[in-house]
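Beneath this line is the structure, given in structure tokens, with notes to follow.
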Amino acid sequence: MEKIIRDVIEKNRNTKLLDTDTFDFRCTCCGACCTNREDIVMSGYDVMRIQNHLGIDFTELLEKYCELYVGRPSGIPLLRIKPKGAKKICPFLFRSKCKIHEVKPTVCALFPVGRATAFDKESGKPEVMYFVQQTNCGAKDVSNNLQEWVSGCISEYDEKCGMLWNQMLRAVLAFISGIKGEISGDTYSCVVQIMYCGYENAEDFAEEITSRIDQIKELEKKMNGEH
């Protein structure tokens, strides 16, 4: 799965967009972008919004709509929407419409624009890269400004939460990379709990995820015998 995502980013690396750039696209609600997809990876922010919208807990979300897997080569526990059937159809797709349109994952909300975050090796500062994904769906009769498209799809708060989630992924990667030998199932279970579980009781994601990043860092210290 991580290879699929890396390939998409690499394929579009030279098509990074500036705020003034435009692209031609109009959604025709054909549902094609919701089929043959195995790469809809969700953040904790996506989980929180979908859980609250559906009124379910993480266990029900996982059993009905998603699956956890260990990313390779990172070793990070990742959560993706689990497609159905031979055509790999999104479980939230119904009659070519998204049943959770108001709270759909950020990767879906931005489509056909993709987003990736790179971190400067020296400063550690994040840089968001946007690119237009190649797609055969939709119409090409409307010209869209990138800045307007992004601001129309996600809010500044959404963007902030996305950046915080990237910090979570970096913290988990640092934690996992520092473990010598095989990682136990109990350790993975603990990381999954911190990353994805219990958001139905959270009031503010930004505060919640900041606290959870600290929990990962504390867990790293304990594993390294610093406590």
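We name chains A, B, ... following the order of the structure tokens; residues begin at 1 in each chain, and ligands are numbered from 1 as shown.
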Wanna dump the segment 29-116 of chain A-segment 200-204 of chain A contacts at 8 Å for me, each residue with its shortest atom pair and the distance in Å to one decimal, counting only C-alpha atoms, ordered by chain and number, as a tab-separated table?
residue	atom	partner	partner_atom	distance
A:Met48	CA	A:Glu200	CA	6.1
A:Gln51	CA	A:Glu200	CA	6.2
A:Asn52	CA	A:Glu200	CA	6.1
A:Ile56	CA	A:Glu200	CA	7.6
A:Asp57	CA	A:Glu200	CA	6.3
A:Phe58	CA	A:Glu200	CA	7.9
For those residues, write all heavy atoms to a file as a short mmCIF file (atom, residue, chain, number, x, y, z; two decimals), in the first residue's frame.
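Result file follows (again.cif):
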data_model
loop_
_atom_site.label_atom_id
_atom_site.label_comp_id
_atom_site.auth_asym_id
_atom_site.auth_seq_id
_atom_site.Cartn_x
_atom_site.Cartn_y
_atom_site.Cartn_z
N MET A 48 -12.38 10.61 13.41
CA MET A 48 -13.20 11.35 14.37
C MET A 48 -14.47 11.90 13.70
O MET A 48 -15.58 11.76 14.23
CB MET A 48 -12.39 12.50 14.96
CG MET A 48 -13.16 13.37 15.95
SD MET A 48 -12.08 14.65 16.65
CE MET A 48 -13.25 15.51 17.70
N GLN A 51 -16.86 8.96 12.62
CA GLN A 51 -17.49 8.36 13.79
C GLN A 51 -18.62 9.24 14.32
O GLN A 51 -19.72 8.75 14.62
CB GLN A 51 -16.46 8.14 14.89
CG GLN A 51 -15.56 6.94 14.68
CD GLN A 51 -14.64 6.69 15.85
OE1 GLN A 51 -13.78 5.85 15.79
NE2 GLN A 51 -14.80 7.44 16.94
N ASN A 52 -18.34 10.52 14.46
CA ASN A 52 -19.35 11.44 14.98
C ASN A 52 -20.54 11.55 14.04
O ASN A 52 -21.69 11.65 14.49
CB ASN A 52 -18.74 12.82 15.22
CG ASN A 52 -17.78 12.84 16.39
OD1 ASN A 52 -17.82 11.97 17.25
ND2 ASN A 52 -16.90 13.83 16.44
N ILE A 56 -20.97 6.08 15.72
CA ILE A 56 -20.42 4.77 16.01
C ILE A 56 -19.06 4.90 16.69
O ILE A 56 -18.43 5.96 16.64
CB ILE A 56 -20.26 3.91 14.73
CG1 ILE A 56 -19.32 4.60 13.74
CG2 ILE A 56 -21.62 3.67 14.09
CD1 ILE A 56 -19.06 3.79 12.47
N ASP A 57 -18.60 3.82 17.32
CA ASP A 57 -17.28 3.83 17.92
C ASP A 57 -16.27 3.23 16.94
O ASP A 57 -16.62 2.80 15.84
CB ASP A 57 -17.26 3.10 19.26
CG ASP A 57 -17.65 1.62 19.14
OD1 ASP A 57 -17.65 1.08 18.01
OD2 ASP A 57 -17.96 1.01 20.17
N PHE A 58 -15.02 3.18 17.38
CA PHE A 58 -13.96 2.73 16.46
C PHE A 58 -14.14 1.26 16.10
O PHE A 58 -13.89 0.86 14.95
CB PHE A 58 -12.59 2.95 17.09
CG PHE A 58 -11.47 2.51 16.19
CD1 PHE A 58 -11.12 3.25 15.08
CD2 PHE A 58 -10.77 1.33 16.46
CE1 PHE A 58 -10.09 2.85 14.24
CE2 PHE A 58 -9.74 0.92 15.63
CZ PHE A 58 -9.41 1.67 14.51
#
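Within 7 Å of segment 37-46 of chain A there are A:Met1, A:Ile5, A:Leu79, A:Arg80, A:Ile81, A:Pro83, A:Lys88, A:Pro105, A:Val107, A:Cys161, A:Trp165, A:Met195, A:Tyr196, A:Phe205, counting only C-alpha atoms and ignoring same-chain residues fewer than 6 positions away.
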Please produce a file of the residues just selected, as a short mmCIF file (atom, residue, chain, number, x, y, z; two decimals), in the first residue's frame, where the atoms kept are all heavy atoms.
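Once everything was written out, this is again02.cif:
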data_model
loop_
_atom_site.label_atom_id
_atom_site.label_comp_id
_atom_site.auth_asym_id
_atom_site.auth_seq_id
_atom_site.Cartn_x
_atom_site.Cartn_y
_atom_site.Cartn_z
N MET A 1 0.82 -1.21 0.00
CA MET A 1 0.00 0.00 0.00
C MET A 1 0.85 1.26 0.00
O MET A 1 0.59 2.19 -0.75
CB MET A 1 -0.93 0.00 1.21
CG MET A 1 -1.86 1.20 1.26
SD MET A 1 -2.92 1.30 -0.18
CE MET A 1 -3.77 -0.26 -0.05
N ILE A 5 1.12 4.51 -2.74
CA ILE A 5 1.06 5.93 -2.42
C ILE A 5 2.34 6.64 -2.85
O ILE A 5 2.31 7.72 -3.44
CB ILE A 5 0.82 6.12 -0.91
CG1 ILE A 5 -0.55 5.54 -0.53
CG2 ILE A 5 0.87 7.60 -0.53
CD1 ILE A 5 -0.79 5.47 0.95
N LEU A 79 -4.66 2.87 8.60
CA LEU A 79 -6.08 2.54 8.49
C LEU A 79 -6.58 2.98 7.12
O LEU A 79 -6.40 4.13 6.73
CB LEU A 79 -6.87 3.27 9.59
CG LEU A 79 -8.37 2.98 9.66
CD1 LEU A 79 -8.62 1.58 10.20
CD2 LEU A 79 -9.06 4.02 10.54
N ARG A 80 -7.19 2.06 6.41
CA ARG A 80 -7.73 2.41 5.10
C ARG A 80 -9.19 2.01 5.00
O ARG A 80 -9.65 1.13 5.74
CB ARG A 80 -6.95 1.73 3.99
CG ARG A 80 -7.16 0.23 3.92
CD ARG A 80 -6.68 -0.35 2.61
NE ARG A 80 -6.98 -1.79 2.53
CZ ARG A 80 -6.99 -2.49 1.42
NH1 ARG A 80 -6.70 -1.90 0.27
NH2 ARG A 80 -7.26 -3.78 1.42
N ILE A 81 -9.91 2.64 4.09
CA ILE A 81 -11.26 2.21 3.79
C ILE A 81 -11.16 0.88 3.05
O ILE A 81 -10.39 0.75 2.09
CB ILE A 81 -12.00 3.26 2.94
CG1 ILE A 81 -12.27 4.52 3.79
CG2 ILE A 81 -13.31 2.70 2.40
CD1 ILE A 81 -12.99 5.61 3.05
N PRO A 83 -12.39 -1.67 0.51
CA PRO A 83 -13.29 -1.76 -0.63
C PRO A 83 -14.03 -3.10 -0.66
O PRO A 83 -13.58 -4.08 -0.06
CB PRO A 83 -12.35 -1.61 -1.83
CG PRO A 83 -11.03 -2.12 -1.34
CD PRO A 83 -10.97 -1.73 0.12
N LYS A 88 -13.79 -3.55 -6.17
CA LYS A 88 -13.17 -2.76 -5.10
C LYS A 88 -13.90 -1.42 -4.91
O LYS A 88 -13.33 -0.34 -5.05
CB LYS A 88 -11.70 -2.53 -5.40
CG LYS A 88 -10.90 -3.82 -5.49
CD LYS A 88 -9.48 -3.61 -5.93
CE LYS A 88 -8.75 -4.95 -6.07
NZ LYS A 88 -7.38 -4.78 -6.61
N PRO A 105 -13.26 11.43 3.84
CA PRO A 105 -11.83 11.62 4.09
C PRO A 105 -11.24 12.75 3.26
O PRO A 105 -11.68 13.01 2.13
CB PRO A 105 -11.23 10.27 3.70
CG PRO A 105 -12.34 9.30 3.93
CD PRO A 105 -13.60 10.03 3.54
N VAL A 107 -8.56 12.97 1.60
CA VAL A 107 -8.06 12.56 0.28
C VAL A 107 -9.18 12.53 -0.74
O VAL A 107 -8.96 12.80 -1.92
CB VAL A 107 -7.35 11.17 0.38
CG1 VAL A 107 -8.34 10.08 0.74
CG2 VAL A 107 -6.64 10.84 -0.91
N CYS A 161 -5.31 20.32 11.16
CA CYS A 161 -5.41 18.96 11.67
C CYS A 161 -4.63 17.98 10.81
O CYS A 161 -4.05 17.02 11.32
CB CYS A 161 -6.88 18.53 11.75
SG CYS A 161 -7.82 19.42 13.02
N TRP A 165 -1.61 15.60 12.09
CA TRP A 165 -1.59 14.16 11.85
C TRP A 165 -0.25 13.73 11.25
O TRP A 165 0.26 12.67 11.59
CB TRP A 165 -2.73 13.74 10.94
CG TRP A 165 -2.76 12.26 10.71
CD1 TRP A 165 -2.46 11.57 9.57
CD2 TRP A 165 -3.10 11.25 11.68
NE1 TRP A 165 -2.59 10.22 9.76
CE2 TRP A 165 -2.98 10.00 11.06
CE3 TRP A 165 -3.50 11.30 13.03
CZ2 TRP A 165 -3.24 8.80 11.72
CZ3 TRP A 165 -3.75 10.11 13.69
CH2 TRP A 165 -3.62 8.87 13.04
N MET A 195 -3.29 6.10 18.28
CA MET A 195 -3.47 6.75 16.98
C MET A 195 -4.94 6.89 16.58
O MET A 195 -5.32 7.92 16.02
CB MET A 195 -2.72 5.98 15.90
CG MET A 195 -1.21 6.04 15.98
SD MET A 195 -0.41 5.08 14.66
CE MET A 195 -0.77 6.11 13.21
N TYR A 196 -5.75 5.86 16.85
CA TYR A 196 -7.06 5.82 16.22
C TYR A 196 -8.27 5.67 17.15
O TYR A 196 -9.38 5.99 16.73
CB TYR A 196 -7.11 4.64 15.23
CG TYR A 196 -6.10 4.73 14.11
CD1 TYR A 196 -4.99 3.90 14.08
CD2 TYR A 196 -6.26 5.66 13.08
CE1 TYR A 196 -4.07 3.98 13.04
CE2 TYR A 196 -5.34 5.75 12.06
CZ TYR A 196 -4.24 4.91 12.04
OH TYR A 196 -3.33 5.00 11.03
N PHE A 205 -10.17 18.09 17.92
CA PHE A 205 -9.16 17.17 17.40
C PHE A 205 -7.75 17.72 17.59
O PHE A 205 -6.83 16.97 17.93
CB PHE A 205 -9.40 16.88 15.92
CG PHE A 205 -8.39 15.91 15.35
CD1 PHE A 205 -8.55 14.55 15.54
CD2 PHE A 205 -7.27 16.37 14.68
CE1 PHE A 205 -7.61 13.64 15.04
CE2 PHE A 205 -6.32 15.48 14.17
CZ PHE A 205 -6.50 14.10 14.36
#
Can you check which parts of segment 49-141 of chain A lie within 12 Å of segment 19-36 of chain A? Per residue, the shortest pair of atoms and distance in Å to one decimal, counting only C-alpha atoms, sorted by chain and number, as CSV.
residue,atom,partner,partner_atom,distance
A:Ile81,CA,A:Cys34,CA,10.5
A:Lys82,CA,A:Asn36,CA,11.0
A:Pro83,CA,A:Thr35,CA,7.9
A:Lys84,CA,A:Thr35,CA,9.0
A:Gly85,CA,A:Asn36,CA,9.7
A:Ala86,CA,A:Asn36,CA,8.5
A:Lys87,CA,A:Asn36,CA,5.6
A:Lys88,CA,A:Asn36,CA,4.7
A:Ile89,CA,A:Thr35,CA,4.4
A:Cys90,CA,A:Cys34,CA,5.5
A:Pro91,CA,A:Cys34,CA,9.0
A:Phe92,CA,A:Cys34,CA,8.7
A:Leu93,CA,A:Cys34,CA,6.9
A:Phe94,CA,A:Gly31,CA,8.9
A:Arg95,CA,A:Gly31,CA,8.1
A:Ser96,CA,A:Gly31,CA,4.5
A:Lys97,CA,A:Gly31,CA,6.6
A:Cys98,CA,A:Gly31,CA,8.3
A:Lys99,CA,A:Cys34,CA,11.6
A:His101,CA,A:Cys29,CA,11.7
A:Lys104,CA,A:Cys34,CA,11.5
A:Pro105,CA,A:Cys34,CA,11.9
A:Val107,CA,A:Cys33,CA,11.1
A:Cys108,CA,A:Cys33,CA,8.5
A:Ala109,CA,A:Cys33,CA,11.2
A:Leu110,CA,A:Cys27,CA,11.6
A:Phe111,CA,A:Cys33,CA,8.4
A:Pro112,CA,A:Phe25,CA,8.0
A:Val113,CA,A:Phe23,CA,9.3
A:Val128,CA,A:Asp19,CA,11.9
A:Met129,CA,A:Asp19,CA,10.9
A:Tyr130,CA,A:Asp19,CA,9.5
A:Phe131,CA,A:Phe23,CA,9.9
A:Val132,CA,A:Phe23,CA,7.6
A:Gln133,CA,A:Phe23,CA,10.4
A:Gln134,CA,A:Phe25,CA,10.7
A:Thr135,CA,A:Cys33,CA,8.2
A:Asn136,CA,A:Ala32,CA,8.4
A:Cys137,CA,A:Ala32,CA,6.2
A:Gly138,CA,A:Cys27,CA,4.7
A:Ala139,CA,A:Arg26,CA,5.0
A:Lys140,CA,A:Phe25,CA,4.5
A:Asp141,CA,A:Asp24,CA,6.4
Going by DSSP on the backbone, which residues of segment 4-225 of chain A come out as strand (DSSP E)? List them as a ChimeraX atom specification. /A:22-26,41-42,66-70,77-81,93-94,97-98,113-119,126-132,139-145
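Atom pair atom CA of Tyr188 of chain A / atom CA of Glu220 of chain A: separated by 12.5 Å.
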Using DSSP on the backbone coordinates, identify all residues within segment 127-156 of chain A classified as helix (DSSP H, G or I); present the result as a PyMOL selection string. chain A and resi 146-153+156
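For segment 166-183 of chain A, the set of protein, DNA and RNA residues having any atom at most 9 Å away, when counting only C-alpha atoms and skipping those fewer than 2 positions along the same chain, is Ser43, Ser74, Gly75, Ile76, Pro77, Thr117, Pro126, Cys161, Gly162, Met163, Leu164, Gly185, Asp186, Thr187, Tyr188, Val191, Met195, Ile209, Thr210, Arg212, Ile213, Asp214, Ile216, Lys217, Leu219, Glu220, Lys221, Met223 and Asn224 of chain A.
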